[in-house]
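Dropping target19.cif in here (mmCIF, C-alpha atoms and all ligand atoms):
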```cif
data_final
loop_
_atom_site.group_PDB
_atom_site.id
_atom_site.type_symbol
_atom_site.label_atom_id
_atom_site.label_comp_id
_atom_site.auth_asym_id
_atom_site.auth_seq_id
_atom_site.Cartn_x
_atom_site.Cartn_y
_atom_site.Cartn_z
ATOM 1 C CA MET A 1 0.000 0.000 0.000
ATOM 2 C CA LYS A 2 1.293 3.443 -0.907
ATOM 3 C CA LEU A 3 0.359 6.326 1.390
ATOM 4 C CA ARG A 4 1.068 9.857 0.288
ATOM 5 C CA TYR A 5 0.558 12.783 2.657
ATOM 6 C CA LEU A 6 -0.708 15.683 0.559
ATOM 7 C CA GLY A 7 -1.405 18.165 3.365
ATOM 8 C CA THR A 8 -0.103 17.910 6.937
ATOM 9 C CA ALA A 9 -1.235 21.058 8.799
ATOM 10 C CA ALA A 10 -4.142 21.723 11.124
ATOM 11 C CA ALA A 11 -7.039 23.965 10.068
ATOM 12 C CA GLU A 12 -5.197 27.250 9.535
ATOM 13 C CA GLY A 13 -2.193 25.875 7.612
ATOM 14 C CA TRP A 14 1.433 26.483 8.627
ATOM 15 C CA PRO A 15 2.330 29.277 7.985
ATOM 16 C CA ALA A 16 -1.232 30.083 9.008
ATOM 17 C CA VAL A 17 -3.200 32.255 6.622
ATOM 18 C CA PHE A 18 -2.955 35.569 8.505
ATOM 19 C CA CYS A 19 -0.375 34.742 11.167
ATOM 20 C CA ARG A 20 2.905 36.477 11.981
ATOM 21 C CA CYS A 21 3.845 34.365 15.024
ATOM 22 C CA PRO A 22 7.537 33.337 15.288
ATOM 23 C CA HIS A 23 6.696 29.711 14.382
ATOM 24 C CA CYS A 24 5.013 30.795 11.156
ATOM 25 C CA ASP A 25 7.842 33.218 10.373
ATOM 26 C CA ARG A 26 10.439 30.451 10.944
ATOM 27 C CA ALA A 27 8.499 28.090 8.672
ATOM 28 C CA ARG A 28 8.306 30.802 5.969
ATOM 29 C CA ALA A 29 12.040 31.478 6.192
ATOM 30 C CA ALA A 30 13.021 27.777 6.176
ATOM 31 C CA GLY A 31 10.570 26.808 3.378
ATOM 32 C CA GLY A 32 10.540 23.275 1.887
ATOM 33 C CA LYS A 33 9.100 20.629 4.213
ATOM 34 C CA ASN A 34 8.358 23.296 6.821
ATOM 35 C CA ILE A 35 5.479 24.595 4.689
ATOM 36 C CA ARG A 36 2.313 22.681 5.533
ATOM 37 C CA THR A 37 -1.132 22.806 3.900
ATOM 38 C CA ARG A 38 -4.507 21.489 5.053
ATOM 39 C CA SER A 39 -5.055 17.816 5.831
ATOM 40 C CA GLN A 40 -5.378 15.295 2.999
ATOM 41 C CA ALA A 41 -3.840 11.928 2.094
ATOM 42 C CA MET A 42 -3.902 9.535 -0.845
ATOM 43 C CA ILE A 43 -3.819 5.722 -0.815
ATOM 44 C CA ASN A 44 -2.312 4.168 -3.941
ATOM 45 C CA SER A 45 -3.757 6.115 -6.873
ATOM 46 C CA ASP A 46 -7.470 5.465 -6.342
ATOM 47 C CA MET A 47 -8.385 6.514 -2.805
ATOM 48 C CA LEU A 48 -8.317 9.924 -1.130
ATOM 49 C CA ILE A 49 -8.830 10.753 2.524
ATOM 50 C CA ASP A 50 -10.410 14.193 3.011
ATOM 51 C CA PHE A 51 -10.933 17.046 0.599
ATOM 52 C CA PRO A 52 -9.636 20.298 2.140
ATOM 53 C CA PRO A 53 -9.512 23.849 0.730
ATOM 54 C CA ASP A 54 -6.016 23.014 -0.584
ATOM 55 C CA ALA A 55 -7.147 19.915 -2.530
ATOM 56 C CA ASN A 56 -6.801 21.606 -5.911
ATOM 57 C CA MET A 57 -3.274 22.751 -5.074
ATOM 58 C CA HIS A 58 -2.387 19.205 -3.952
ATOM 59 C CA MET A 59 -3.533 17.939 -7.355
ATOM 60 C CA LEU A 60 -1.212 20.451 -9.049
ATOM 61 C CA THR A 61 1.866 20.078 -6.838
ATOM 62 C CA ASN A 62 1.721 16.251 -6.785
ATOM 63 C CA ASN A 63 0.630 15.820 -10.407
ATOM 64 C CA ILE A 64 -2.353 13.632 -9.449
ATOM 65 C CA ASP A 65 -5.179 12.505 -11.705
ATOM 66 C CA TYR A 66 -8.112 13.149 -9.344
ATOM 67 C CA SER A 67 -10.483 11.763 -11.966
ATOM 68 C CA ALA A 68 -8.885 8.334 -11.352
ATOM 69 C CA ILE A 69 -9.882 8.428 -7.671
ATOM 70 C CA LYS A 70 -12.682 5.920 -7.061
ATOM 71 C CA PHE A 71 -13.139 6.368 -3.321
ATOM 72 C CA LEU A 72 -13.109 9.601 -1.334
ATOM 73 C CA LEU A 73 -13.275 8.999 2.420
ATOM 74 C CA ILE A 74 -14.018 12.003 4.613
ATOM 75 C CA THR A 75 -13.183 11.964 8.329
ATOM 76 C CA HIS A 76 -15.477 14.831 9.390
ATOM 77 C CA PRO A 77 -17.055 18.011 8.029
ATOM 78 C CA HIS A 78 -14.669 20.550 9.634
ATOM 79 C CA SER A 79 -13.728 22.917 6.831
ATOM 80 C CA ASP A 80 -10.032 21.932 6.863
ATOM 81 C CA HIS A 81 -11.058 18.350 5.963
ATOM 82 C CA PHE A 82 -14.133 18.854 3.808
ATOM 83 C CA ALA A 83 -14.449 21.833 1.464
ATOM 84 C CA PRO A 84 -17.010 20.554 -1.070
ATOM 85 C CA LEU A 85 -16.899 23.455 -3.579
ATOM 86 C CA ASP A 86 -14.568 21.730 -6.061
ATOM 87 C CA LEU A 87 -16.690 18.562 -6.084
ATOM 88 C CA ALA A 88 -19.174 20.569 -8.163
ATOM 89 C CA PHE A 89 -16.635 20.485 -10.973
ATOM 90 C CA ARG A 90 -16.708 16.679 -11.286
ATOM 91 C CA ASP A 91 -19.258 17.004 -14.068
ATOM 92 C CA ASP A 92 -18.540 16.430 -17.731
ATOM 93 C CA ALA A 93 -21.169 18.929 -18.947
ATOM 94 C CA TYR A 94 -18.692 21.824 -18.660
ATOM 95 C CA TYR A 95 -15.952 21.183 -16.181
ATOM 96 C CA ALA A 96 -14.411 17.707 -16.341
ATOM 97 C CA HIS A 97 -13.957 15.932 -19.658
ATOM 98 C CA ASN A 98 -12.642 12.402 -20.269
ATOM 99 C CA LEU A 99 -12.932 11.296 -16.641
ATOM 100 C CA THR A 100 -10.635 8.311 -15.996
ATOM 101 C CA GLU A 101 -13.303 6.836 -13.693
ATOM 102 C CA GLU A 102 -16.882 7.834 -14.331
ATOM 103 C CA LYS A 103 -17.993 7.566 -10.706
ATOM 104 C CA LEU A 104 -16.571 8.686 -7.403
ATOM 105 C CA ILE A 105 -17.903 7.238 -4.158
ATOM 106 C CA LEU A 106 -17.984 9.930 -1.466
ATOM 107 C CA ALA A 107 -18.161 8.181 1.906
ATOM 108 C CA GLY A 108 -18.146 9.466 5.467
ATOM 109 C CA PRO A 109 -20.091 9.955 8.683
ATOM 110 C CA LYS A 110 -23.697 11.128 8.396
ATOM 111 C CA ARG A 111 -22.901 14.805 9.052
ATOM 112 C CA VAL A 112 -20.455 14.831 6.129
ATOM 113 C CA ILE A 113 -23.065 13.509 3.737
ATOM 114 C CA ASP A 114 -25.619 15.967 5.224
ATOM 115 C CA ALA A 115 -23.163 18.798 4.507
ATOM 116 C CA TYR A 116 -22.667 17.525 0.949
ATOM 117 C CA GLU A 117 -26.428 17.273 0.360
ATOM 118 C CA ASN A 118 -26.959 20.775 1.783
ATOM 119 C CA TYR A 119 -24.253 22.197 -0.414
ATOM 120 C CA PHE A 120 -25.471 20.496 -3.597
ATOM 121 C CA GLY A 121 -29.209 20.722 -2.878
ATOM 122 C CA ARG A 122 -29.569 23.309 -5.642
ATOM 123 C CA PHE A 123 -28.465 20.811 -8.302
ATOM 124 C CA SER A 124 -30.923 18.359 -9.826
ATOM 125 C CA ASP A 125 -30.706 14.742 -8.581
ATOM 126 C CA GLU A 126 -29.759 13.650 -12.069
ATOM 127 C CA ARG A 127 -26.739 15.947 -12.215
ATOM 128 C CA ARG A 128 -25.778 15.534 -8.604
ATOM 129 C CA CYS A 129 -25.834 11.738 -8.543
ATOM 130 C CA LYS A 130 -24.397 10.991 -11.952
ATOM 131 C CA TYR A 131 -20.739 11.382 -11.061
ATOM 132 C CA ILE A 132 -20.586 11.295 -7.278
ATOM 133 C CA THR A 133 -22.299 8.631 -5.178
ATOM 134 C CA PRO A 134 -22.669 9.756 -1.556
ATOM 135 C CA MET A 135 -22.619 7.035 1.093
ATOM 136 C CA VAL A 136 -23.164 7.299 4.853
ATOM 137 C CA LEU A 137 -20.785 5.149 6.895
ATOM 138 C CA GLU A 138 -21.552 3.746 10.365
ATOM 139 C CA ASN A 139 -18.837 3.263 12.946
ATOM 140 C CA TYR A 140 -17.591 -0.317 13.426
ATOM 141 C CA VAL A 141 -19.088 -1.591 10.172
ATOM 142 C CA THR A 142 -16.579 -2.858 7.584
ATOM 143 C CA TYR A 143 -17.237 -1.740 4.012
ATOM 144 C CA GLU A 144 -15.691 -3.135 0.860
ATOM 145 C CA PHE A 145 -14.486 -0.568 -1.646
ATOM 146 C CA GLY A 146 -12.913 -2.537 -4.494
ATOM 147 C CA ASP A 147 -10.053 -4.488 -2.866
ATOM 148 C CA TYR A 148 -10.094 -2.259 0.226
ATOM 149 C CA LYS A 149 -11.799 -3.054 3.482
ATOM 150 C CA VAL A 150 -12.593 0.182 5.311
ATOM 151 C CA THR A 151 -13.846 0.391 8.896
ATOM 152 C CA PRO A 152 -14.762 3.749 10.478
ATOM 153 C CA ILE A 153 -14.029 3.930 14.205
ATOM 154 C CA ARG A 154 -15.256 6.574 16.641
ATOM 155 C CA ALA A 155 -13.097 9.716 16.833
ATOM 156 C CA ASN A 156 -12.681 11.621 20.095
ATOM 157 C CA HIS A 157 -13.115 14.954 18.323
ATOM 158 C CA THR A 158 -16.642 16.358 18.548
ATOM 159 C CA ARG A 159 -19.616 15.721 20.832
ATOM 160 C CA ASP A 160 -21.786 14.461 17.966
ATOM 161 C CA GLU A 161 -21.015 10.798 17.273
ATOM 162 C CA ASN A 162 -22.341 11.065 13.727
ATOM 163 C CA ASN A 163 -19.874 13.790 12.958
ATOM 164 C CA ALA A 164 -16.340 12.419 13.012
ATOM 165 C CA CYS A 165 -14.546 9.123 12.524
ATOM 166 C CA CYS A 166 -11.094 7.678 12.082
ATOM 167 C CA TYR A 167 -10.400 4.844 9.651
ATOM 168 C CA ILE A 168 -8.942 1.359 9.562
ATOM 169 C CA ILE A 169 -7.978 0.719 5.940
ATOM 170 C CA ASN A 170 -6.821 -2.676 4.688
ATOM 171 C CA ASP A 171 -5.901 -3.189 1.044
ATOM 172 C CA GLY A 172 -5.827 -6.992 1.202
ATOM 173 C CA SER A 173 -2.320 -7.217 2.640
ATOM 174 C CA LYS A 174 -1.514 -4.198 4.834
ATOM 175 C CA THR A 175 -3.438 -2.311 7.507
ATOM 176 C CA LEU A 176 -3.323 1.432 8.039
ATOM 177 C CA LEU A 177 -4.827 3.153 11.088
ATOM 178 C CA TYR A 178 -5.609 6.726 10.056
ATOM 179 C CA LEU A 179 -6.288 8.580 13.312
ATOM 180 C CA HIS A 180 -7.214 12.169 12.322
ATOM 181 C CA ASP A 181 -8.676 14.191 13.982
ATOM 182 C CA THR A 182 -8.887 12.628 17.425
ATOM 183 C CA GLY A 183 -7.764 12.917 21.013
ATOM 184 C CA LEU A 184 -7.019 9.842 23.121
ATOM 185 C CA LEU A 185 -9.004 6.880 21.803
ATOM 186 C CA TYR A 186 -12.256 5.930 23.512
ATOM 187 C CA ASP A 187 -12.612 2.605 25.348
ATOM 188 C CA ASP A 188 -14.985 1.260 22.684
ATOM 189 C CA VAL A 189 -12.297 1.900 20.031
ATOM 190 C CA TRP A 190 -9.725 -0.048 22.037
ATOM 191 C CA GLU A 191 -12.270 -2.846 22.519
ATOM 192 C CA TYR A 192 -12.996 -2.970 18.795
ATOM 193 C CA LEU A 193 -9.292 -3.072 17.904
ATOM 194 C CA GLU A 194 -8.579 -5.805 20.453
ATOM 195 C CA ASN A 195 -11.680 -7.942 19.854
ATOM 196 C CA ASN A 196 -11.171 -7.869 16.094
ATOM 197 C CA LYS A 197 -7.448 -8.586 16.437
ATOM 198 C CA ILE A 198 -6.487 -5.571 14.342
ATOM 199 C CA LYS A 199 -2.756 -5.567 13.643
ATOM 200 C CA ALA A 200 -1.526 -2.230 12.343
ATOM 201 C CA ASP A 201 1.325 -1.995 9.859
ATOM 202 C CA PHE A 202 1.246 1.810 9.860
ATOM 203 C CA VAL A 203 -0.372 4.253 12.287
ATOM 204 C CA SER A 204 -0.878 7.904 11.353
ATOM 205 C CA LEU A 205 -1.440 9.888 14.547
ATOM 206 C CA ASP A 206 -2.983 13.314 15.070
ATOM 207 C CA CYS A 207 -0.284 15.584 16.567
ATOM 208 C CA THR A 208 -2.012 18.956 16.462
ATOM 209 C CA PHE A 209 -0.404 20.165 19.702
ATOM 210 C CA VAL A 210 3.098 19.125 18.511
ATOM 211 C CA THR A 211 5.350 19.468 21.590
ATOM 212 C CA LEU A 212 2.629 20.941 23.841
ATOM 213 C CA PRO A 213 0.450 18.582 25.897
ATOM 214 C CA GLY A 214 -2.446 17.088 23.914
ATOM 215 C CA SER A 215 -5.955 17.778 25.153
ATOM 216 C CA GLY A 216 -9.572 17.731 24.053
ATOM 217 C CA GLY A 217 -10.124 16.426 20.541
ATOM 218 C CA HIS A 218 -6.476 16.384 19.479
ATOM 219 C CA LEU A 219 -3.206 14.756 20.460
ATOM 220 C CA GLY A 220 0.306 16.094 21.055
ATOM 221 C CA LEU A 221 3.567 14.124 21.106
ATOM 222 C CA ASP A 222 2.923 13.201 24.767
ATOM 223 C CA THR A 223 -0.461 11.591 24.070
ATOM 224 C CA CYS A 224 0.761 10.095 20.765
ATOM 225 C CA LYS A 225 3.340 8.271 22.873
ATOM 226 C CA ILE A 226 0.643 7.030 25.297
ATOM 227 C CA THR A 227 -1.424 5.813 22.320
ATOM 228 C CA ALA A 228 1.520 4.055 20.640
ATOM 229 C CA ASP A 229 2.571 2.372 23.920
ATOM 230 C CA MET A 230 -0.984 1.129 24.496
ATOM 231 C CA MET A 231 -1.123 -0.267 20.957
ATOM 232 C CA ARG A 232 2.089 -2.224 21.566
ATOM 233 C CA GLU A 233 0.823 -3.419 24.954
ATOM 234 C CA LYS A 234 -2.451 -4.651 23.472
ATOM 235 C CA GLY A 235 -0.793 -6.355 20.490
ATOM 236 C CA ILE A 236 -2.365 -3.940 17.975
ATOM 237 C CA ALA A 237 1.172 -2.848 17.059
ATOM 238 C CA ASP A 238 4.511 -4.654 17.203
ATOM 239 C CA GLU A 239 8.156 -3.856 16.521
ATOM 240 C CA ASN A 240 7.456 -3.688 12.769
ATOM 241 C CA THR A 241 4.619 -1.173 13.064
ATOM 242 C CA VAL A 242 5.548 2.292 11.816
ATOM 243 C CA PHE A 243 4.129 5.288 13.686
ATOM 244 C CA CYS A 244 3.987 8.665 11.989
ATOM 245 C CA VAL A 245 2.812 11.975 13.479
ATOM 246 C CA ASN A 246 0.760 14.323 11.305
ATOM 247 C CA HIS A 247 -1.729 17.292 11.364
ATOM 248 C CA PHE A 248 0.251 20.043 13.095
ATOM 249 C CA SER A 249 -0.798 23.451 14.420
ATOM 250 C CA HIS A 250 1.643 26.386 14.339
ATOM 251 C CA ASN A 251 0.713 26.959 18.020
ATOM 252 C CA GLY A 252 2.592 23.710 18.778
ATOM 253 C CA GLY A 253 5.906 25.433 18.045
ATOM 254 C CA ALA A 254 8.369 23.047 16.385
ATOM 255 C CA ILE A 255 8.562 23.437 12.608
ATOM 256 C CA TYR A 256 9.380 20.297 10.549
ATOM 257 C CA ASP A 257 13.191 20.665 10.787
ATOM 258 C CA GLU A 258 12.986 21.057 14.567
ATOM 259 C CA LEU A 259 10.392 18.328 15.129
ATOM 260 C CA VAL A 260 12.052 15.486 13.204
ATOM 261 C CA PRO A 261 14.764 14.750 15.832
ATOM 262 C CA ILE A 262 12.358 15.271 18.774
ATOM 263 C CA ALA A 263 9.724 12.896 17.328
ATOM 264 C CA ALA A 264 12.396 10.350 16.288
ATOM 265 C CA LYS A 265 13.487 10.015 19.939
ATOM 266 C CA ASP A 266 10.004 8.679 20.703
ATOM 267 C CA GLY A 267 10.058 6.433 17.624
ATOM 268 C CA PHE A 268 7.848 8.573 15.364
ATOM 269 C CA LEU A 269 8.286 9.554 11.750
ATOM 270 C CA THR A 270 7.268 13.164 11.071
ATOM 271 C CA SER A 271 5.031 13.754 8.060
ATOM 272 C CA TYR A 272 5.517 16.543 5.513
ATOM 273 C CA ASP A 273 3.511 17.618 2.483
ATOM 274 C CA GLY A 274 4.285 15.245 -0.395
ATOM 275 C CA MET A 275 5.805 12.501 1.799
ATOM 276 C CA GLU A 276 5.220 9.044 0.343
ATOM 277 C CA VAL A 277 5.575 5.820 2.288
ATOM 278 C CA GLU A 278 5.328 2.219 1.149
ATOM 279 C CA ILE A 279 3.428 0.336 3.823
HETATM 280 ZN ZN ZN A 301 -8.248 19.080 11.323
HETATM 281 ZN ZN ZN A 302 1.504 31.274 13.429
HETATM 282 ZN ZN ZN A 303 -11.426 18.684 13.059
#
```

The structure in this file should be written as structure tokens.
Amino acid sequence: MKLRYLGTAAAEGWPAVFCRCPHCDRARAAGGKNIRTRSQAMINSDMLIDFPPDANMHMLTNNIDYSAIKFLLITHPHSDHFAPLDLAFRDDAYYAHNLTEEKLILAGPKRVIDAYENYFGRFSDERRCKYITPMVLENYVTYEFGDYKVTPIRANHTRDENNACCYIINDGSKTLLYLHDTGLLYDDVWEYLENNKIKADFVSLDCTFVTLPGSGGHLGLDTCKITADMMREKGIADENTVFCVNHFSHNGGAIYDELVPIAAKDGFLTSYDGMEVEI
């Protein structure tokens, strides 16, 4: 399984849109991997996770054929993960000719599909449904998307359970745990992982707080470490499992160049925009 991180920042980007804090200024000056855009990832060349305001730029900078994407999984409807405007242009009447795949399945928690339906309510059913098939996903149900098995698990991110999920994604040989956005995992998530004997090859962890203590609906390096240790203890991870931290807020301080050695001490890879890993 190939995983490519397209955007690795929290909601405001890093440098953040209007910010002149020292962490944003350092990222601007250093450039390269220190520049982070809003959260999105790609699995192989046919699955996307999230569709942020920077999705179009990710298509350009990574030279991706978005029309070849068959499955678009959305974690939650926060605007840094789901900005539906550009989905209106997946329509061969005017905007998108010679689509590689005619249909795109748009799948996510109920509130994501509600947001999509609200946004596209002004289009006729015929136009709206021809190219994009919306699909509500329930937590702890495993869905088959082509060769992938995808299981949403409850995210500790918002009060509304129908609003946010994390994903277990298996492509037939490898298992990815994509844990964005979430704080410390709920007991029912741990139970699901243990009871279903999930063995992770790669774990992508929310690290919004970076070197500050994690709290609420996000993690920091401290709580990423607690999560990784618990996974090893419970047999969900072993010595071959790769842990990578991702989704960073400028308020957390350490830009990419500074974070890499700090995170490595705790056994974490540090994501950057455009990073590709073979799982
Ligand atoms: Zn986010
Ligand atoms: Zn800033
Ligand atoms: Zn969020």

- CA of Arg36 (chain A) to CA of Gly220 (chain A), straight-line distance in Å: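 Separation between CA of Gly220 (chain A) and CA of Arg36 (chain A): 17.0 Å.
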
> If you count all atoms listed in the file, which residues end up within 7 Å of ligand ZN 302 (chain A), as a PyMOL selection string?
Replying inline: chain A and resi 14-16+19-24+250-251

>> Any residue with an atom at most 8 Å from ligand ZN 303 (chain A) counts, using all atoms listed in the file. Which are they? Put them as a ChimeraX atom specification.
In response: /A:11,76-81,157-158,164,180-182,217

Dump of C-alpha atoms for the selected residues, as a PDB file, keeping the file's coordinate frame:
```
ATOM      1  CA  ALA A  11      -7.039  23.965  10.068  1.00  0.00           C
ATOM      2  CA  HIS A  76     -15.477  14.831   9.390  1.00  0.00           C
ATOM      3  CA  PRO A  77     -17.055  18.011   8.029  1.00  0.00           C
ATOM      4  CA  HIS A  78     -14.669  20.550   9.634  1.00  0.00           C
ATOM      5  CA  SER A  79     -13.728  22.917   6.831  1.00  0.00           C
ATOM      6  CA  ASP A  80     -10.032  21.932   6.863  1.00  0.00           C
ATOM      7  CA  HIS A  81     -11.058  18.350   5.963  1.00  0.00           C
ATOM      8  CA  HIS A 157     -13.115  14.954  18.323  1.00  0.00           C
ATOM      9  CA  THR A 158     -16.642  16.358  18.548  1.00  0.00           C
ATOM     10  CA  ALA A 164     -16.340  12.419  13.012  1.00  0.00           C
ATOM     11  CA  HIS A 180      -7.214  12.169  12.322  1.00  0.00           C
ATOM     12  CA  ASP A 181      -8.676  14.191  13.982  1.00  0.00           C
ATOM     13  CA  THR A 182      -8.887  12.628  17.425  1.00  0.00           C
ATOM     14  CA  GLY A 217     -10.124  16.426  20.541  1.00  0.00           C
TER      15      GLY A 217
END
```

Carefully work through the PyMOL selection byres (((chain A and resi 62-64) around 10) and not hetatm) for this structure and note down the residues it includes, as a ChimeraX atom specification. /A:4,6,42,45,56-61,65-69,273-274

### Task
Please write out the residues within 12 Å of ligand ZN 301 (chain A) as an NGL selection string, counting only C-alpha atoms and all ligand atoms.
:A and (7-13 or 37-40 or 50-53 or 74-83 or 155 or 157-158 or 164-166 or 179-183 or 205-209 or 217-219 or 246-249)
